[in-house]
>>> print(open('upload.txt').read())   # compact mmCIF, C-alpha atoms
# COMPACT_ATOMS: atom_id res chain seq x y z
CA MET G 1 101.40 109.79 33.39
CA ALA G 2 103.83 111.75 35.50
CA GLU G 3 105.08 109.99 38.61
CA LEU G 4 103.83 111.58 41.79
CA LYS G 5 106.62 112.68 44.10
CA ALA G 6 106.34 112.52 47.85
CA PRO G 7 106.12 116.01 49.34
CA ARG G 8 109.43 117.29 50.56
CA ARG G 9 109.73 117.24 54.34
CA THR G 10 110.08 120.52 56.15
CA GLN G 11 113.17 121.34 58.16
CA GLU G 12 111.22 120.81 61.38
CA GLU G 13 110.02 117.39 60.19
CA ARG G 14 113.59 116.36 59.36
CA ARG G 15 114.77 117.62 62.72
CA THR G 16 112.05 115.68 64.54
CA ALA G 17 112.82 112.52 62.57
CA THR G 18 116.53 112.75 63.41
CA ARG G 19 115.86 113.32 67.12
CA THR G 20 113.46 110.39 67.16
CA ARG G 21 116.03 108.13 65.49
CA ILE G 22 118.64 109.11 68.06
CA LEU G 23 116.28 108.60 71.00
CA ASP G 24 115.06 105.26 69.65
CA ALA G 25 118.70 104.19 69.45
CA ALA G 26 119.28 105.31 73.04
CA VAL G 27 116.28 103.29 74.26
CA GLU G 28 117.43 100.24 72.29
CA SER G 29 120.87 100.50 73.88
CA LEU G 30 119.43 100.91 77.38
CA LEU G 31 117.46 97.71 76.88
CA GLU G 32 120.21 95.65 75.32
CA ARG G 33 123.35 96.93 77.05
CA GLY G 34 122.23 98.90 80.10
CA TYR G 35 122.81 102.46 81.23
CA ALA G 36 126.59 102.30 81.71
CA ALA G 37 127.20 101.09 78.15
CA THR G 38 124.83 103.59 76.56
CA THR G 39 127.52 106.07 75.62
CA VAL G 40 127.36 108.87 73.06
CA GLY G 41 129.36 106.72 70.65
CA GLU G 42 127.07 103.72 71.13
CA VAL G 43 123.97 105.81 70.45
CA GLN G 44 125.61 107.43 67.42
CA ASP G 45 126.48 104.06 65.89
CA ARG G 46 123.00 102.66 66.47
CA ALA G 47 121.29 105.77 65.10
CA GLY G 48 123.55 105.88 62.04
CA VAL G 49 124.14 109.62 62.24
CA ALA G 50 127.25 111.75 62.08
CA ARG G 51 128.87 112.76 65.35
CA GLY G 52 128.22 116.42 64.62
CA THR G 53 124.54 115.73 63.93
CA LEU G 54 124.10 113.94 67.23
CA LEU G 55 125.94 116.63 69.19
CA HIS G 56 123.89 119.32 67.49
CA HIS G 57 120.72 117.80 68.94
CA PHE G 58 122.21 116.50 72.20
CA PRO G 59 125.51 118.14 73.22
CA THR G 60 126.14 115.74 76.12
CA ARG G 61 125.30 112.21 77.23
CA VAL G 62 123.12 113.63 79.98
CA ASP G 63 121.14 115.57 77.36
CA ILE G 64 120.47 112.29 75.53
CA MET G 65 119.38 110.54 78.71
CA VAL G 66 117.14 113.42 79.83
CA ALA G 67 115.43 113.47 76.43
CA ALA G 68 115.15 109.66 76.50
CA ILE G 69 113.21 109.90 79.76
CA LYS G 70 110.49 111.99 78.12
CA HIS G 71 110.64 109.88 74.94
CA ILE G 72 110.00 106.67 76.89
CA SER G 73 107.22 108.29 78.91
CA ASP G 74 105.42 109.56 75.81
CA ARG G 75 105.63 106.15 74.13
CA ARG G 76 104.24 104.40 77.19
CA VAL G 77 101.30 106.78 77.51
CA GLU G 78 100.51 106.55 73.80
CA GLN G 79 100.50 102.74 73.92
CA PHE G 80 98.49 102.67 77.15
CA GLU G 81 95.82 105.01 75.81
CA ARG G 82 95.56 103.07 72.54
CA GLU G 83 94.97 99.84 74.43
CA LEU G 84 92.45 101.46 76.75
CA LYS G 85 90.20 102.16 73.77
CA LEU G 86 90.25 98.47 72.84
CA ILE G 87 88.78 97.23 76.14
CA PRO G 88 85.29 95.84 75.32
CA SER G 89 82.44 97.60 77.10
CA ASP G 90 80.98 94.30 78.30
CA THR G 91 84.15 93.00 79.96
CA GLY G 92 85.14 93.24 83.63
CA ARG G 93 86.70 96.67 83.68
CA LEU G 94 88.87 96.34 86.77
CA ALA G 95 90.30 92.99 85.68
CA ALA G 96 90.98 94.37 82.19
CA LEU G 97 92.76 97.38 83.67
CA VAL G 98 94.97 95.13 85.79
CA ASP G 99 95.99 93.25 82.63
CA LEU G 100 96.63 96.51 80.79
CA ALA G 101 98.69 98.02 83.59
CA TRP G 102 100.70 94.78 83.83
CA ARG G 103 101.50 94.85 80.10
CA ASP G 104 102.81 98.40 80.46
CA LEU G 105 104.79 97.68 83.61
CA ASN G 106 106.29 94.51 82.15
CA SER G 107 107.10 96.02 78.74
CA PRO G 108 110.49 96.81 77.19
CA MET G 109 109.79 100.54 77.59
CA PHE G 110 109.29 100.10 81.33
CA PHE G 111 112.58 98.25 81.69
CA ALA G 112 114.35 100.97 79.69
CA ALA G 113 112.90 103.49 82.15
CA LEU G 114 114.05 101.30 85.02
CA GLU G 115 117.65 101.58 83.80
CA LEU G 116 117.30 105.34 84.16
CA TRP G 117 115.64 105.07 87.58
CA VAL G 118 118.63 103.14 88.93
CA ALA G 119 121.15 105.54 87.39
CA ALA G 120 119.25 108.57 88.71
CA ARG G 121 119.78 107.43 92.30
CA SER G 122 123.38 108.66 92.15
CA GLU G 123 123.13 111.27 89.37
CA PRO G 124 121.30 114.39 90.61
CA GLU G 125 120.92 115.96 87.15
CA LEU G 126 119.28 112.85 85.79
CA ARG G 127 117.11 112.49 88.88
CA ASP G 128 115.90 116.10 88.64
CA ALA G 129 114.79 115.42 85.06
CA LEU G 130 113.27 112.04 85.82
CA VAL G 131 111.08 112.86 88.83
CA PRO G 132 108.61 115.28 87.18
CA VAL G 133 108.32 113.18 84.01
CA GLU G 134 107.57 109.98 85.93
CA ARG G 135 105.14 111.84 88.19
CA GLU G 136 103.24 113.09 85.13
CA LEU G 137 103.36 109.65 83.50
CA PHE G 138 101.81 107.82 86.45
CA SER G 139 99.29 110.62 86.96
CA ARG G 140 98.12 110.32 83.34
CA ILE G 141 97.90 106.54 83.55
CA HIS G 142 96.02 106.78 86.85
CA GLU G 143 93.53 109.25 85.39
CA SER G 144 93.09 107.18 82.24
CA MET G 145 92.32 104.07 84.27
CA LEU G 146 89.73 105.94 86.33
CA SER G 147 88.08 107.33 83.22
CA VAL G 148 87.62 103.82 81.84
CA VAL G 149 86.12 102.48 85.05
CA GLY G 150 83.83 105.51 84.95
CA ALA G 151 82.68 105.40 88.55
CA GLU G 152 85.28 107.50 90.35
CA ALA G 153 82.78 110.25 91.05
CA VAL G 154 80.47 107.97 93.03
CA ASP G 155 82.85 105.46 94.56
CA PRO G 156 85.68 106.96 96.66
CA ARG G 157 87.43 103.58 96.83
CA LEU G 158 88.49 103.55 93.20
CA PRO G 159 91.32 106.14 93.16
CA THR G 160 93.05 104.32 96.03
CA LEU G 161 92.56 100.89 94.46
CA VAL G 162 93.91 102.10 91.13
CA GLN G 163 96.95 103.54 92.90
CA PHE G 164 97.45 100.30 94.83
CA THR G 165 97.30 98.44 91.51
CA LEU G 166 99.95 100.61 89.89
CA ASP G 167 102.28 100.47 92.90
CA MET G 168 101.88 96.74 93.41
CA LEU G 169 102.42 95.89 89.75
CA THR G 170 105.46 98.18 89.55
CA GLY G 171 107.09 96.24 92.37
CA LEU G 172 105.98 92.94 90.89
CA SER G 173 107.54 93.81 87.55
CA MET G 174 110.81 94.83 89.18
CA SER G 175 110.93 91.41 90.82
CA THR G 176 111.13 89.79 87.36
CA ILE G 177 114.52 91.33 86.57
CA LEU G 178 116.56 88.37 87.80
CA THR G 179 114.29 85.63 86.48
CA SER G 180 112.09 85.28 83.44
CA ASN G 181 109.73 82.86 85.20
CA LEU G 182 106.38 84.65 85.28
CA GLY G 183 104.38 81.75 86.68
CA SER G 184 104.21 82.94 90.28
CA ARG G 185 103.51 86.50 89.14
CA GLU G 186 100.55 85.34 87.07
CA VAL G 187 99.10 83.72 90.19
CA LEU G 188 99.48 87.00 92.07
CA LEU G 189 97.78 88.87 89.24
CA ARG G 190 94.77 86.56 89.43
CA ARG G 191 94.62 86.94 93.19
CA TRP G 192 94.81 90.73 92.95
CA LYS G 193 91.90 90.78 90.50
CA THR G 194 89.89 88.75 92.99
CA ALA G 195 90.98 91.05 95.83
CA LEU G 196 89.79 94.09 93.87
CA SER G 197 86.38 92.50 93.40
CA VAL G 198 86.22 91.78 97.13
CA LEU G 199 87.28 95.33 98.03
CA MET G 200 84.66 96.72 95.64
CA GLY G 201 81.96 94.56 97.24
CA GLU G 202 81.42 92.48 94.11
CA LEU G 203 82.57 89.25 95.80
CA ASP G 204 82.32 87.93 99.34
CA ALA G 205 85.63 87.97 101.23
CA THR G 206 85.56 84.18 101.49
CA GLN G 207 86.02 84.05 97.73
CA LEU G 208 89.48 85.54 98.07
CA VAL G 209 90.59 82.73 100.37
CA ALA G 210 88.96 80.08 98.21
CA ARG G 211 90.49 81.38 94.99
CA SER G 212 93.90 81.87 96.58
CA ARG G 213 94.11 78.13 97.20
CA ARG G 214 93.90 77.43 93.49
CA PRO G 215 97.17 76.90 91.61
>>> encode(input="upload.txt", output="structure tokens")
Amino acid sequence: MAELKAPRRTQEERRTATRTRILDAAVESLLERGYAATTVGEVQDRAGVARGTLLHHFPTRVDIMVAAIKHISDRRVEQFERELKLIPSDTGRLAALVDLAWRDLNSPMFFAALELWVAARSEPELRDALVPVERELFSRIHESMLSVVGAEAVDPRLPTLVQFTLDMLTGLSMSTILTSNLGSREVLLRRWKTALSVLMGELDATQLVARSRRP
């Protein structure tokens, strides 16, 4: 019996695979070594491609970083939307969404993005590329969270509470950079879930005070 051969990849498929390998290498370097050390040479070595191949796809370091911004954003949205579909229908939706948002905002991809945020403060070209991508990313996550809750059309509080959740957890995640101790953050997450239930009228306000006293 003749051995079946895998179909030959098209030129576009090969091109996409090479770009993905380069961008994955850039993200890996951002995480492990930081923005300053993520040079063209570092990315080339990690990707295992020839210099000419890398420069064909990304002529400059800025081109790599700009493409990495979109690459990170797409990966985060894909992961977020996959996990959204796994939330059981009989679970507390708001609490589950807080957990999901926290996993995204405390993930390696978020911290890779954070390296670019910091660099973009003083690099206008990078900032100009970053702002619209991050705006679209948070808009898509916000809309996805609302679609899961499923009550945004009848409860005007939800869009604001979802936005508060994203902003609060973003800041909370950034506070973990200097220490890996997540204990105090986990307490805040539990308290925020309780606060959401109070703000949605599901719990009496006294419950927030009572639960906040717990360790």
>>> closest_residue(input="upload.txt", among="G:Thr10, G:Asn106, G:Thr20, G:Ser89", to="Leu169 (chain G)", atoms="all atoms listed in the file")
G:Asn106
>>> atom_distance(input="upload.txt", atom1="CA of Arg33 (chain G)", atom2="CA of Gln79 (chain G)")
23.8 Å
>>> residues_around(input="upload.txt", residues="Leu137 (chain G)", least_positions_apart="2", cutoff="8 Å", atoms="only C-alpha atoms", output="list of chain:residue names")
G:Ser73, G:Asp74, G:Val77, G:Val133, G:Glu134, G:Arg135, G:Ser139, G:Arg140, G:Ile141
>>> residues_around(input="upload.txt", residues="Phe111 (chain G)", least_positions_apart="5", cutoff="12 Å", atoms="only C-alpha atoms", output="PDB file with C-alpha atoms, in the frame of the given file")
ATOM      1  CA  VAL G  27     116.280 103.290  74.260  1.00  0.00           C
ATOM      2  CA  GLU G  28     117.430 100.240  72.290  1.00  0.00           C
ATOM      3  CA  SER G  29     120.870 100.500  73.880  1.00  0.00           C
ATOM      4  CA  LEU G  30     119.430 100.910  77.380  1.00  0.00           C
ATOM      5  CA  LEU G  31     117.460  97.710  76.880  1.00  0.00           C
ATOM      6  CA  GLU G  32     120.210  95.650  75.320  1.00  0.00           C
ATOM      7  CA  ARG G  33     123.350  96.930  77.050  1.00  0.00           C
ATOM      8  CA  GLY G  34     122.230  98.900  80.100  1.00  0.00           C
ATOM      9  CA  TYR G  35     122.810 102.460  81.230  1.00  0.00           C
ATOM     10  CA  ILE G  69     113.210 109.900  79.760  1.00  0.00           C
ATOM     11  CA  ILE G  72     110.000 106.670  76.890  1.00  0.00           C
ATOM     12  CA  SER G  73     107.220 108.290  78.910  1.00  0.00           C
ATOM     13  CA  ARG G  76     104.240 104.400  77.190  1.00  0.00           C
ATOM     14  CA  ARG G 103     101.500  94.850  80.100  1.00  0.00           C
ATOM     15  CA  ASP G 104     102.810  98.400  80.460  1.00  0.00           C
ATOM     16  CA  LEU G 105     104.790  97.680  83.610  1.00  0.00           C
ATOM     17  CA  ASN G 106     106.290  94.510  82.150  1.00  0.00           C
ATOM     18  CA  LEU G 116     117.300 105.340  84.160  1.00  0.00           C
ATOM     19  CA  TRP G 117     115.640 105.070  87.580  1.00  0.00           C
ATOM     20  CA  VAL G 118     118.630 103.140  88.930  1.00  0.00           C
ATOM     21  CA  THR G 170     105.460  98.180  89.550  1.00  0.00           C
ATOM     22  CA  SER G 173     107.540  93.810  87.550  1.00  0.00           C
ATOM     23  CA  MET G 174     110.810  94.830  89.180  1.00  0.00           C
ATOM     24  CA  SER G 175     110.930  91.410  90.820  1.00  0.00           C
ATOM     25  CA  THR G 176     111.130  89.790  87.360  1.00  0.00           C
ATOM     26  CA  ILE G 177     114.520  91.330  86.570  1.00  0.00           C
TER      27      ILE G 177
END
>>> atom_distance(input="upload.txt", atom1="CA of Gln44 (chain G)", atom2="CA of Pro132 (chain G)")
27.2 Å
>>> closest_residue(input="upload.txt", among="G:Arg19, G:Arg8, G:Arg46, G:Lys70", to="Leu126 (chain G)", atoms="only C-alpha atoms")
G:Lys70
>>> closest_residue(input="upload.txt", among="G:Val98, G:Gly92, G:Gln11, G:Asp155", to="Arg191 (chain G)", atoms="all atoms listed in the file")
G:Val98
>>> closest_residue(input="upload.txt", among="G:Arg157, G:Arg82, G:His57, G:Arg127", to="Arg21 (chain G)", atoms="all atoms listed in the file")
G:His57
>>> closest_residue(input="upload.txt", among="G:Leu97, G:Arg9, G:Thr38, G:Pro124", to="Leu166 (chain G)", atoms="all atoms listed in the file")
G:Leu97
>>> closest_residue(input="upload.txt", among="G:Leu203, G:Leu54, G:Ala119, G:Ala101", to="Phe164 (chain G)", atoms="only C-alpha atoms")
G:Ala101
